[in-house]
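Asks: Sending over my_file-v4.cif (mmCIF, C-alpha atoms and all ligand atoms).
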```cif
data_work
#
loop_
_atom_site.group_PDB
_atom_site.id
_atom_site.type_symbol
_atom_site.label_atom_id
_atom_site.label_comp_id
_atom_site.auth_asym_id
_atom_site.auth_seq_id
_atom_site.Cartn_x
_atom_site.Cartn_y
_atom_site.Cartn_z
ATOM 1 C CA MET A 8 -22.326 10.797 -92.690
ATOM 2 C CA ALA A 9 -22.838 12.087 -89.170
ATOM 3 C CA ASP A 10 -23.530 15.777 -89.307
ATOM 4 C CA VAL A 11 -25.148 17.115 -86.165
ATOM 5 C CA SER A 12 -27.674 19.878 -86.696
ATOM 6 C CA LEU A 13 -29.642 21.926 -84.182
ATOM 7 C CA ARG A 14 -32.420 24.361 -85.018
ATOM 8 C CA GLY A 15 -34.041 26.565 -82.401
ATOM 9 C CA VAL A 16 -33.114 24.118 -79.645
ATOM 10 C CA LYS A 17 -34.299 25.155 -76.198
ATOM 11 C CA LYS A 18 -34.169 23.567 -72.761
ATOM 12 C CA GLN A 19 -36.180 24.476 -69.705
ATOM 13 C CA PHE A 20 -35.772 22.969 -66.259
ATOM 14 C CA GLY A 21 -39.102 23.954 -64.718
ATOM 15 C CA SER A 22 -39.242 27.733 -65.025
ATOM 16 C CA LEU A 23 -35.477 27.993 -65.592
ATOM 17 C CA SER A 24 -34.539 28.572 -69.222
ATOM 18 C CA VAL A 25 -31.098 27.007 -69.662
ATOM 19 C CA ILE A 26 -30.720 26.758 -73.470
ATOM 20 C CA LYS A 27 -32.429 29.663 -75.203
ATOM 21 C CA GLY A 28 -32.602 28.768 -78.875
ATOM 22 C CA VAL A 29 -29.459 27.269 -80.419
ATOM 23 C CA ASP A 30 -28.866 26.908 -84.184
ATOM 24 C CA LEU A 31 -25.734 24.966 -85.030
ATOM 25 C CA ASP A 32 -24.268 22.696 -87.705
ATOM 26 C CA VAL A 33 -21.389 20.377 -86.868
ATOM 27 C CA LYS A 34 -20.092 18.767 -90.045
ATOM 28 C CA ASP A 35 -19.166 15.129 -90.523
ATOM 29 C CA GLY A 36 -15.639 14.567 -89.224
ATOM 30 C CA GLU A 37 -15.345 17.988 -87.629
ATOM 31 C CA PHE A 38 -13.734 18.596 -84.227
ATOM 32 C CA CYS A 39 -16.136 21.080 -82.656
ATOM 33 C CA VAL A 40 -15.466 22.604 -79.238
ATOM 34 C CA PHE A 41 -18.121 24.147 -76.978
ATOM 35 C CA VAL A 42 -16.518 26.702 -74.727
ATOM 36 C CA GLY A 43 -17.987 29.082 -72.179
ATOM 37 C CA PRO A 44 -18.094 29.877 -68.472
ATOM 38 C CA SER A 45 -19.374 27.461 -65.858
ATOM 39 C CA GLY A 46 -23.169 27.207 -65.851
ATOM 40 C CA CYS A 47 -23.681 28.533 -69.402
ATOM 41 C CA GLY A 48 -25.280 25.263 -70.568
ATOM 42 C CA LYS A 49 -22.428 23.327 -72.243
ATOM 43 C CA SER A 50 -23.174 20.011 -70.534
ATOM 44 C CA THR A 51 -26.916 20.399 -71.038
ATOM 45 C CA LEU A 52 -26.423 20.946 -74.757
ATOM 46 C CA LEU A 53 -24.144 17.908 -75.006
ATOM 47 C CA ARG A 54 -26.538 15.741 -72.989
ATOM 48 C CA MET A 55 -29.374 16.685 -75.316
ATOM 49 C CA ILE A 56 -27.304 15.605 -78.336
ATOM 50 C CA ALA A 57 -26.504 12.342 -76.510
ATOM 51 C CA GLY A 58 -30.189 11.783 -75.744
ATOM 52 C CA LEU A 59 -29.638 11.909 -71.980
ATOM 53 C CA GLU A 60 -31.939 14.960 -71.774
ATOM 54 C CA ASP A 61 -35.009 15.673 -73.913
ATOM 55 C CA ILE A 62 -35.061 18.922 -75.831
ATOM 56 C CA SER A 63 -37.895 21.215 -74.700
ATOM 57 C CA SER A 64 -38.411 22.573 -78.224
ATOM 58 C CA GLY A 65 -36.621 22.853 -81.548
ATOM 59 C CA GLU A 66 -35.103 20.257 -83.839
ATOM 60 C CA LEU A 67 -32.087 17.975 -83.462
ATOM 61 C CA LYS A 68 -30.787 15.845 -86.322
ATOM 62 C CA ILE A 69 -27.858 13.440 -86.473
ATOM 63 C CA GLY A 70 -26.849 12.157 -89.893
ATOM 64 C CA GLY A 71 -29.929 13.881 -91.284
ATOM 65 C CA ALA A 72 -32.330 11.885 -89.091
ATOM 66 C CA ASP A 73 -34.646 13.489 -86.561
ATOM 67 C CA MET A 74 -33.661 12.385 -83.034
ATOM 68 C CA THR A 75 -36.913 13.222 -81.231
ATOM 69 C CA LYS A 76 -37.904 9.598 -80.715
ATOM 70 C CA VAL A 77 -34.446 7.998 -80.826
ATOM 71 C CA GLY A 78 -32.955 6.729 -77.552
ATOM 72 C CA PRO A 79 -29.325 7.339 -76.487
ATOM 73 C CA SER A 80 -28.085 3.897 -77.533
ATOM 74 C CA GLU A 81 -29.552 4.161 -81.059
ATOM 75 C CA ARG A 82 -28.046 7.539 -81.957
ATOM 76 C CA GLY A 83 -24.600 6.369 -83.031
ATOM 77 C CA VAL A 84 -23.033 8.567 -80.348
ATOM 78 C CA ALA A 85 -20.755 7.748 -77.415
ATOM 79 C CA MET A 86 -20.081 10.101 -74.542
ATOM 80 C CA VAL A 87 -16.972 10.420 -72.372
ATOM 81 C CA PHE A 88 -17.588 12.045 -69.000
ATOM 82 C CA GLN A 89 -15.365 14.128 -66.761
ATOM 83 C CA SER A 90 -15.701 11.601 -63.942
ATOM 84 C CA TYR A 91 -14.826 8.577 -66.185
ATOM 85 C CA ALA A 92 -17.444 6.478 -64.342
ATOM 86 C CA LEU A 93 -15.473 3.210 -64.520
ATOM 87 C CA TYR A 94 -16.644 0.098 -62.687
ATOM 88 C CA PRO A 95 -14.174 -0.378 -59.801
ATOM 89 C CA HIS A 96 -14.629 -4.148 -59.498
ATOM 90 C CA MET A 97 -13.988 -4.840 -63.195
ATOM 91 C CA THR A 98 -10.650 -5.014 -64.979
ATOM 92 C CA VAL A 99 -9.701 -2.511 -67.647
ATOM 93 C CA LYS A 100 -10.543 -5.067 -70.297
ATOM 94 C CA GLU A 101 -13.977 -5.745 -68.799
ATOM 95 C CA ASN A 102 -14.653 -2.035 -68.427
ATOM 96 C CA ILE A 103 -13.851 -1.403 -72.083
ATOM 97 C CA GLY A 104 -16.010 -4.266 -73.333
ATOM 98 C CA PHE A 105 -18.909 -3.893 -70.904
ATOM 99 C CA GLY A 106 -21.146 -1.720 -73.101
ATOM 100 C CA LEU A 107 -20.779 -4.121 -76.027
ATOM 101 C CA LYS A 108 -21.503 -7.091 -73.781
ATOM 102 C CA MET A 109 -24.694 -5.441 -72.513
ATOM 103 C CA THR A 110 -25.878 -4.804 -76.057
ATOM 104 C CA GLY A 111 -25.418 -8.495 -76.870
ATOM 105 C CA HIS A 112 -22.312 -8.433 -79.061
ATOM 106 C CA SER A 113 -20.326 -11.638 -79.524
ATOM 107 C CA LYS A 114 -17.269 -12.430 -77.433
ATOM 108 C CA ALA A 115 -15.111 -12.521 -80.559
ATOM 109 C CA LEU A 116 -16.200 -9.052 -81.655
ATOM 110 C CA ILE A 117 -15.651 -7.649 -78.145
ATOM 111 C CA GLU A 118 -12.141 -9.194 -78.035
ATOM 112 C CA GLU A 119 -11.263 -7.808 -81.437
ATOM 113 C CA ARG A 120 -12.474 -4.265 -80.770
ATOM 114 C CA THR A 121 -10.981 -4.170 -77.266
ATOM 115 C CA ALA A 122 -7.583 -5.230 -78.630
ATOM 116 C CA LYS A 123 -7.757 -2.542 -81.313
ATOM 117 C CA ALA A 124 -8.724 0.187 -78.827
ATOM 118 C CA ALA A 125 -6.100 -0.934 -76.311
ATOM 119 C CA LYS A 126 -3.399 -0.667 -78.967
ATOM 120 C CA MET A 127 -4.589 2.767 -80.046
ATOM 121 C CA LEU A 128 -4.633 4.042 -76.451
ATOM 122 C CA GLN A 129 -1.501 2.219 -75.221
ATOM 123 C CA LEU A 130 -3.435 0.200 -72.668
ATOM 124 C CA ASN A 131 -2.106 -3.243 -73.622
ATOM 125 C CA ALA A 132 -0.026 -3.698 -70.479
ATOM 126 C CA LEU A 133 -2.878 -2.592 -68.231
ATOM 127 C CA LEU A 134 -5.784 -4.751 -69.418
ATOM 128 C CA GLU A 135 -5.930 -6.971 -66.303
ATOM 129 C CA ARG A 136 -5.685 -4.115 -63.792
ATOM 130 C CA LYS A 137 -8.579 -2.617 -61.851
ATOM 131 C CA PRO A 138 -9.315 1.139 -62.124
ATOM 132 C CA GLY A 139 -7.974 1.654 -58.576
ATOM 133 C CA GLN A 140 -4.533 0.595 -59.823
ATOM 134 C CA LEU A 141 -4.418 3.218 -62.574
ATOM 135 C CA SER A 142 -3.301 6.839 -62.761
ATOM 136 C CA GLY A 143 -5.775 9.577 -63.704
ATOM 137 C CA GLY A 144 -4.527 9.684 -67.267
ATOM 138 C CA GLN A 145 -4.770 5.911 -67.620
ATOM 139 C CA ARG A 146 -8.352 5.925 -66.291
ATOM 140 C CA GLN A 147 -9.215 8.600 -68.762
ATOM 141 C CA ARG A 148 -7.840 6.428 -71.579
ATOM 142 C CA VAL A 149 -10.024 3.544 -70.419
ATOM 143 C CA ALA A 150 -13.083 5.815 -70.526
ATOM 144 C CA ILE A 151 -12.173 6.794 -74.095
ATOM 145 C CA GLY A 152 -11.573 3.118 -74.949
ATOM 146 C CA ARG A 153 -15.074 2.304 -73.805
ATOM 147 C CA ALA A 154 -16.407 4.874 -76.267
ATOM 148 C CA ILE A 155 -14.139 3.783 -79.145
ATOM 149 C CA VAL A 156 -15.191 0.109 -79.102
ATOM 150 C CA ARG A 157 -18.752 1.152 -79.823
ATOM 151 C CA GLU A 158 -17.474 2.654 -83.094
ATOM 152 C CA PRO A 159 -19.757 5.681 -82.847
ATOM 153 C CA GLU A 160 -20.110 8.197 -85.640
ATOM 154 C CA VAL A 161 -20.143 11.005 -83.085
ATOM 155 C CA PHE A 162 -18.004 11.279 -79.947
ATOM 156 C CA LEU A 163 -19.182 13.601 -77.189
ATOM 157 C CA PHE A 164 -16.628 14.670 -74.574
ATOM 158 C CA ASP A 165 -17.637 16.597 -71.443
ATOM 159 C CA GLU A 166 -14.514 18.200 -69.956
ATOM 160 C CA PRO A 167 -12.619 14.900 -70.096
ATOM 161 C CA LEU A 168 -9.285 16.398 -69.061
ATOM 162 C CA SER A 169 -10.323 18.650 -66.202
ATOM 163 C CA ASN A 170 -9.353 16.162 -63.485
ATOM 164 C CA LEU A 171 -5.819 15.782 -64.814
ATOM 165 C CA ASP A 172 -2.763 17.795 -63.869
ATOM 166 C CA ALA A 173 -1.481 20.430 -66.287
ATOM 167 C CA ALA A 174 1.338 18.382 -67.871
ATOM 168 C CA LEU A 175 -0.899 15.404 -68.510
ATOM 169 C CA ARG A 176 -3.609 17.653 -69.966
ATOM 170 C CA VAL A 177 -1.166 18.903 -72.579
ATOM 171 C CA GLN A 178 -0.151 15.344 -73.479
ATOM 172 C CA MET A 179 -3.751 14.140 -73.670
ATOM 173 C CA ARG A 180 -4.709 17.065 -75.913
ATOM 174 C CA THR A 181 -2.195 15.831 -78.446
ATOM 175 C CA GLU A 182 -3.399 12.245 -78.089
ATOM 176 C CA LEU A 183 -7.039 13.210 -78.589
ATOM 177 C CA SER A 184 -6.189 15.230 -81.681
ATOM 178 C CA GLY A 185 -4.309 12.193 -83.041
ATOM 179 C CA LEU A 186 -7.277 9.986 -82.267
ATOM 180 C CA HIS A 187 -9.555 12.341 -84.173
ATOM 181 C CA GLN A 188 -7.285 12.076 -87.212
ATOM 182 C CA ASP A 189 -7.177 8.269 -86.971
ATOM 183 C CA LEU A 190 -10.895 7.711 -86.449
ATOM 184 C CA LYS A 191 -12.193 10.502 -88.693
ATOM 185 C CA ALA A 192 -15.313 10.683 -86.525
ATOM 186 C CA THR A 193 -17.307 13.782 -85.654
ATOM 187 C CA MET A 194 -16.257 15.028 -82.230
ATOM 188 C CA ILE A 195 -17.979 17.535 -79.984
ATOM 189 C CA TYR A 196 -15.815 18.514 -77.082
ATOM 190 C CA VAL A 197 -16.873 20.610 -74.090
ATOM 191 C CA THR A 198 -14.355 22.585 -72.093
ATOM 192 C CA HIS A 199 -14.086 25.780 -70.078
ATOM 193 C CA ASP A 200 -10.384 25.920 -70.995
ATOM 194 C CA GLN A 201 -9.633 28.431 -73.776
ATOM 195 C CA VAL A 202 -6.249 26.893 -74.552
ATOM 196 C CA GLU A 203 -7.805 23.487 -75.130
ATOM 197 C CA ALA A 204 -10.373 25.063 -77.416
ATOM 198 C CA MET A 205 -7.813 27.032 -79.411
ATOM 199 C CA THR A 206 -5.405 24.120 -79.892
ATOM 200 C CA MET A 207 -7.850 21.309 -80.641
ATOM 201 C CA ALA A 208 -10.819 22.751 -82.503
ATOM 202 C CA ASP A 209 -11.702 22.975 -86.179
ATOM 203 C CA LYS A 210 -14.673 25.009 -85.022
ATOM 204 C CA ILE A 211 -15.300 26.757 -81.716
ATOM 205 C CA VAL A 212 -18.779 27.538 -80.387
ATOM 206 C CA VAL A 213 -18.653 30.239 -77.709
ATOM 207 C CA LEU A 214 -21.616 29.983 -75.351
ATOM 208 C CA SER A 215 -22.876 32.416 -72.769
ATOM 209 C CA ALA A 216 -26.014 32.032 -70.642
ATOM 210 C CA GLY A 217 -27.624 29.421 -72.898
ATOM 211 C CA GLN A 218 -26.983 31.179 -76.188
ATOM 212 C CA ILE A 219 -24.304 31.097 -78.872
ATOM 213 C CA GLU A 220 -22.200 34.255 -78.861
ATOM 214 C CA GLN A 221 -20.110 33.281 -81.887
ATOM 215 C CA VAL A 222 -19.087 30.296 -84.006
ATOM 216 C CA GLY A 223 -15.843 30.190 -85.965
ATOM 217 C CA SER A 224 -12.409 28.712 -86.418
ATOM 218 C CA PRO A 225 -9.858 29.470 -83.679
ATOM 219 C CA LEU A 226 -8.214 32.049 -85.959
ATOM 220 C CA GLU A 227 -11.500 33.749 -86.837
ATOM 221 C CA LEU A 228 -12.461 34.068 -83.197
ATOM 222 C CA TYR A 229 -9.037 35.322 -82.255
ATOM 223 C CA HIS A 230 -8.796 37.927 -84.989
ATOM 224 C CA ARG A 231 -12.444 38.886 -85.353
ATOM 225 C CA PRO A 232 -14.258 38.410 -82.042
ATOM 226 C CA ARG A 233 -17.801 39.706 -82.406
ATOM 227 C CA ASN A 234 -17.919 41.319 -78.984
ATOM 228 C CA LEU A 235 -16.032 41.878 -75.767
ATOM 229 C CA PHE A 236 -17.321 38.680 -74.212
ATOM 230 C CA VAL A 237 -15.804 36.555 -76.992
ATOM 231 C CA ALA A 238 -12.631 38.626 -77.024
ATOM 232 C CA GLY A 239 -12.265 38.274 -73.274
ATOM 233 C CA PHE A 240 -12.941 34.592 -73.364
ATOM 234 C CA ILE A 241 -10.687 33.723 -76.288
ATOM 235 C CA GLY A 242 -7.985 36.018 -74.996
ATOM 236 C CA SER A 243 -7.436 38.317 -77.963
ATOM 237 C CA PRO A 244 -6.838 42.048 -77.419
ATOM 238 C CA LYS A 245 -9.971 43.842 -78.556
HETATM 239 P P1 LIG A 301 -22.063 24.010 -67.871
HETATM 240 O O1 LIG A 301 -21.836 22.598 -68.297
HETATM 241 O O2 LIG A 301 -21.814 25.016 -68.937
HETATM 242 O O3 LIG A 301 -21.305 24.359 -66.615
HETATM 243 P P2 LIG A 301 -24.756 23.077 -67.322
HETATM 244 O O4 LIG A 301 -25.294 22.679 -68.636
HETATM 245 O O5 LIG A 301 -24.303 21.995 -66.421
HETATM 246 O O6 LIG A 301 -23.621 24.179 -67.512
HETATM 247 O O7 LIG A 301 -25.861 23.895 -66.541
HETATM 248 C C1 LIG A 301 -26.529 25.007 -67.100
HETATM 249 C C2 LIG A 301 -27.584 25.504 -66.116
HETATM 250 O O8 LIG A 301 -28.610 24.535 -66.018
HETATM 251 C C3 LIG A 301 -27.062 25.740 -64.715
HETATM 252 O O9 LIG A 301 -27.712 26.870 -64.198
HETATM 253 C C4 LIG A 301 -27.505 24.481 -63.985
HETATM 254 O O10 LIG A 301 -27.689 24.733 -62.632
HETATM 255 C C5 LIG A 301 -28.813 24.157 -64.679
HETATM 256 N N1 LIG A 301 -29.144 22.716 -64.680
HETATM 257 C C6 LIG A 301 -28.421 21.729 -65.257
HETATM 258 N N2 LIG A 301 -29.005 20.528 -65.099
HETATM 259 C C7 LIG A 301 -30.131 20.766 -64.394
HETATM 260 C C8 LIG A 301 -31.203 19.938 -63.894
HETATM 261 N N3 LIG A 301 -31.198 18.610 -64.119
HETATM 262 N N4 LIG A 301 -32.194 20.541 -63.210
HETATM 263 C C9 LIG A 301 -32.196 21.868 -63.003
HETATM 264 N N5 LIG A 301 -31.234 22.709 -63.441
HETATM 265 C C10 LIG A 301 -30.222 22.175 -64.123
HETATM 266 MG MG MG A 302 -20.601 21.113 -67.535
#
```
Taking this structure as input, can you express it in the form of structure tokens?
Replies:
Amino acid sequence: MADVSLRGVKKQFGSLSVIKGVDLDVKDGEFCVFVGPSGCGKSTLLRMIAGLEDISSGELKIGGADMTKVGPSERGVAMVFQSYALYPHMTVKENIGFGLKMTGHSKALIEERTAKAAKMLQLNALLERKPGQLSGGQRQRVAIGRAIVREPEVFLFDEPLSNLDAALRVQMRTELSGLHQDLKATMIYVTHDQVEAMTMADKIVVLSAGQIEQVGSPLELYHRPRNLFVAGFIGSPK
């Protein structure tokens, strides 16, 4: 079980208070979307869950276990970044398997998981190419493949579609939703795009200036926004 739970989580960068006390429960297998304007703290919150930033105070648990002293690679999470961060000199296949290789997994296991991920993401014909020979959408699939082969219990996505053109974004939304159904993993997905949030989420967390404004299903937020900020952001007429 990989519930993610935050209690009174805060983050300070020097004197700047960026996350101002967040309480949140993401259930096992849930597709949870963090949405909010640029600079409100979405990436910081995600990076704290990933273990890439310490939390300044509060409590963070994954699968019921306290994460205070647990490093990023021991948390059972995998993060997909907006910039993909692929290695340009490696093939698609090498890029997908690299993390597993670094953590000392056997060649056979890497082959098996890479083949499975490549099939799932329709990358079979592209395995010997370098990132420079791929389209934006294909690169994005490779970045997701790299996360999948680690078989994490929790996937963390930070605006993974924002570098893609509008048509491809729509297609990838559908593919990511399908992936969530296939893998049945917990997914936390950051976006500033309301449409993405409304179409993909089981649960939406609306953030503003380091605090949660409202948490609810897309329908709840649409029909019962708590305030004008949420209404304006979700696009319902309040
Ligand atoms: P979002 O992802 O919602 O756009 P971020 O989490 O990236 O927002 O940033 C939230 C705030 O924290 C911004 O004001 C940003 O400038 C600040 N911030 C983020 N990372 C750092 C850092 N490493 N040092 C100082 N300030 C930071
Ligand atoms: Mg961000």
Asks: Between A:Gly144, A:Gly70, A:Gly223, A:Pro167, which has the minimum distance to A:Gly36 (counting all atoms listed in the file)?
Replies: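 Distance minimum relative to A:Gly36 lands on A:Gly70.
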Asks: For the file shown, report as a ChimeraX atom specification the outcome of the PyMOL selection byres (((not hetatm)) within 8 of (chain A and resi 302)) at residue level.
Replies: /A:45-46,48-51,165-166,197-198
Asks: Quick one: residues within 12 Å of (-30.7, 12.2, -87.8) (file frame), counting all atoms listed in the file, please, as a list in words.
Replies: Met8, Ala9, Asp10, Val11, Ser12, Leu13, Ile56, Glu66, Leu67, Lys68, Ile69, Gly70, Gly71, Ala72, Asp73, Met74, Thr75, Lys76, Val77, Gly78, Glu81, Arg82, Gly83, Val84, Glu160 and Val161 of chain A
Asks: Taking the file as I've supplied it (selection: the PyMOL selection byres (((chain A and resi 125-140) around 9) and not hetatm)), which residues are included? Please answer as a PyMOL selection string.
Replies: chain A and resi 93-103+120-124+141-142+145-146+148-149+151-152+182+186
Asks: Measuring atom to atom with all atoms listed in the file, identify which of A:Gly58, A:Ser63, A:Val156, A:Val33 is nearest to A:Phe105.
Replies: A:Val156
Asks: I'd like the contact shell of A:Phe240 - 9 Å cut-off, only C-alpha atoms, skipping same-chain residues fewer than 2 positions apart - returned as a list in words.
Replies: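 With the cut-off at 9 Å, the set is Val42, Gly43, Pro44, Gln201, Val213, Leu235, Phe236, Val237, Ala238, Gly242 and Ser243 of chain A.
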Asks: What's the 9 Å shell around A:Tyr196, counting all atoms listed in the file, without same-chain residues fewer than 3 positions away, as a CSV table (one decimal) with C-alpha atoms, keeping the file's coordinate frame?
Replies:
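File out-v6.csv, as written:
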```csv
chain,number,residue,atom,x,y,z
A,38,PHE,CA,-13.7,18.6,-84.2
A,39,CYS,CA,-16.1,21.1,-82.7
A,40,VAL,CA,-15.5,22.6,-79.2
A,41,PHE,CA,-18.1,24.1,-77.0
A,42,VAL,CA,-16.5,26.7,-74.7
A,53,LEU,CA,-24.1,17.9,-75.0
A,162,PHE,CA,-18.0,11.3,-79.9
A,163,LEU,CA,-19.2,13.6,-77.2
A,164,PHE,CA,-16.6,14.7,-74.6
A,165,ASP,CA,-17.6,16.6,-71.4
A,166,GLU,CA,-14.5,18.2,-70.0
A,167,PRO,CA,-12.6,14.9,-70.1
A,204,ALA,CA,-10.4,25.1,-77.4
A,208,ALA,CA,-10.8,22.8,-82.5
```
Asks: Figure out the distance between atom CA of A:Ser64 and atom CA of A:Val16, please, to one decimal in Å.
Replies: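 Distance between the two atoms: 5.7 Å.
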Asks: Have a look at A:Ser224, A:Thr206, A:Gln218, A:Thr110 and name the one nearest to ligand LIG 301 (chain A); count only C-alpha atoms and all ligand atoms.
Replies: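 For ligand LIG 301 (chain A), the nearest of the given residues is A:Gln218.
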Asks: Rebuild stretch 161-188 of chain A so that it carries N, CA and C atoms, then output the result as a short mmCIF file (atom, residue, chain, number, x, y, z; two decimals), in the coordinates of the input.
Replies:
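This went into out_15.cif:
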```
data_model
loop_
_atom_site.label_atom_id
_atom_site.label_comp_id
_atom_site.auth_asym_id
_atom_site.auth_seq_id
_atom_site.Cartn_x
_atom_site.Cartn_y
_atom_site.Cartn_z
N VAL A 161 -20.34 9.73 -83.79
CA VAL A 161 -20.14 11.00 -83.08
C VAL A 161 -19.64 10.73 -81.67
N PHE A 162 -18.51 11.34 -81.32
CA PHE A 162 -18.00 11.28 -79.95
C PHE A 162 -18.37 12.57 -79.23
N LEU A 163 -18.85 12.43 -78.00
CA LEU A 163 -19.18 13.60 -77.19
C LEU A 163 -18.30 13.57 -75.94
N PHE A 164 -17.53 14.61 -75.73
CA PHE A 164 -16.63 14.67 -74.57
C PHE A 164 -17.06 15.81 -73.65
N ASP A 165 -17.29 15.53 -72.38
CA ASP A 165 -17.64 16.60 -71.44
C ASP A 165 -16.48 16.83 -70.48
N GLU A 166 -15.68 17.83 -70.77
CA GLU A 166 -14.51 18.20 -69.96
C GLU A 166 -13.71 16.98 -69.52
N PRO A 167 -13.25 16.17 -70.47
CA PRO A 167 -12.62 14.90 -70.10
C PRO A 167 -11.25 15.07 -69.44
N LEU A 168 -10.64 16.24 -69.59
CA LEU A 168 -9.28 16.40 -69.06
C LEU A 168 -9.23 17.22 -67.78
N SER A 169 -10.38 17.66 -67.29
CA SER A 169 -10.32 18.65 -66.20
C SER A 169 -9.87 18.08 -64.86
N ASN A 170 -9.87 16.74 -64.73
CA ASN A 170 -9.35 16.16 -63.48
C ASN A 170 -7.87 15.82 -63.55
N LEU A 171 -7.23 16.15 -64.66
CA LEU A 171 -5.82 15.78 -64.81
C LEU A 171 -4.92 16.98 -64.52
N ASP A 172 -3.67 16.68 -64.13
CA ASP A 172 -2.76 17.80 -63.87
C ASP A 172 -2.31 18.42 -65.19
N ALA A 173 -1.73 19.61 -65.09
CA ALA A 173 -1.48 20.43 -66.29
C ALA A 173 -0.63 19.72 -67.34
N ALA A 174 0.44 19.04 -66.91
CA ALA A 174 1.34 18.38 -67.87
C ALA A 174 0.60 17.27 -68.63
N LEU A 175 -0.17 16.51 -67.89
CA LEU A 175 -0.90 15.40 -68.51
C LEU A 175 -1.99 15.93 -69.46
N ARG A 176 -2.59 17.05 -69.09
CA ARG A 176 -3.61 17.65 -69.97
C ARG A 176 -3.03 17.99 -71.33
N VAL A 177 -1.82 18.53 -71.32
CA VAL A 177 -1.17 18.90 -72.58
C VAL A 177 -0.92 17.65 -73.42
N GLN A 178 -0.43 16.60 -72.78
CA GLN A 178 -0.15 15.34 -73.48
C GLN A 178 -1.44 14.73 -74.04
N MET A 179 -2.49 14.75 -73.23
CA MET A 179 -3.75 14.14 -73.67
C MET A 179 -4.41 14.93 -74.80
N ARG A 180 -4.19 16.24 -74.81
CA ARG A 180 -4.71 17.07 -75.91
C ARG A 180 -4.15 16.56 -77.23
N THR A 181 -2.85 16.32 -77.24
CA THR A 181 -2.19 15.83 -78.45
C THR A 181 -2.73 14.46 -78.82
N GLU A 182 -2.91 13.60 -77.81
CA GLU A 182 -3.40 12.24 -78.09
C GLU A 182 -4.82 12.26 -78.65
N LEU A 183 -5.66 13.13 -78.10
CA LEU A 183 -7.04 13.21 -78.59
C LEU A 183 -7.10 13.75 -80.01
N SER A 184 -6.24 14.71 -80.31
CA SER A 184 -6.19 15.23 -81.68
C SER A 184 -5.76 14.13 -82.64
N GLY A 185 -4.77 13.31 -82.22
CA GLY A 185 -4.31 12.19 -83.04
C GLY A 185 -5.42 11.17 -83.26
N LEU A 186 -6.16 10.93 -82.20
CA LEU A 186 -7.28 9.99 -82.27
C LEU A 186 -8.33 10.47 -83.26
N HIS A 187 -8.58 11.76 -83.24
CA HIS A 187 -9.56 12.34 -84.17
C HIS A 187 -9.10 12.13 -85.61
N GLN A 188 -7.81 12.30 -85.86
CA GLN A 188 -7.28 12.08 -87.21
C GLN A 188 -7.39 10.61 -87.61
#
```
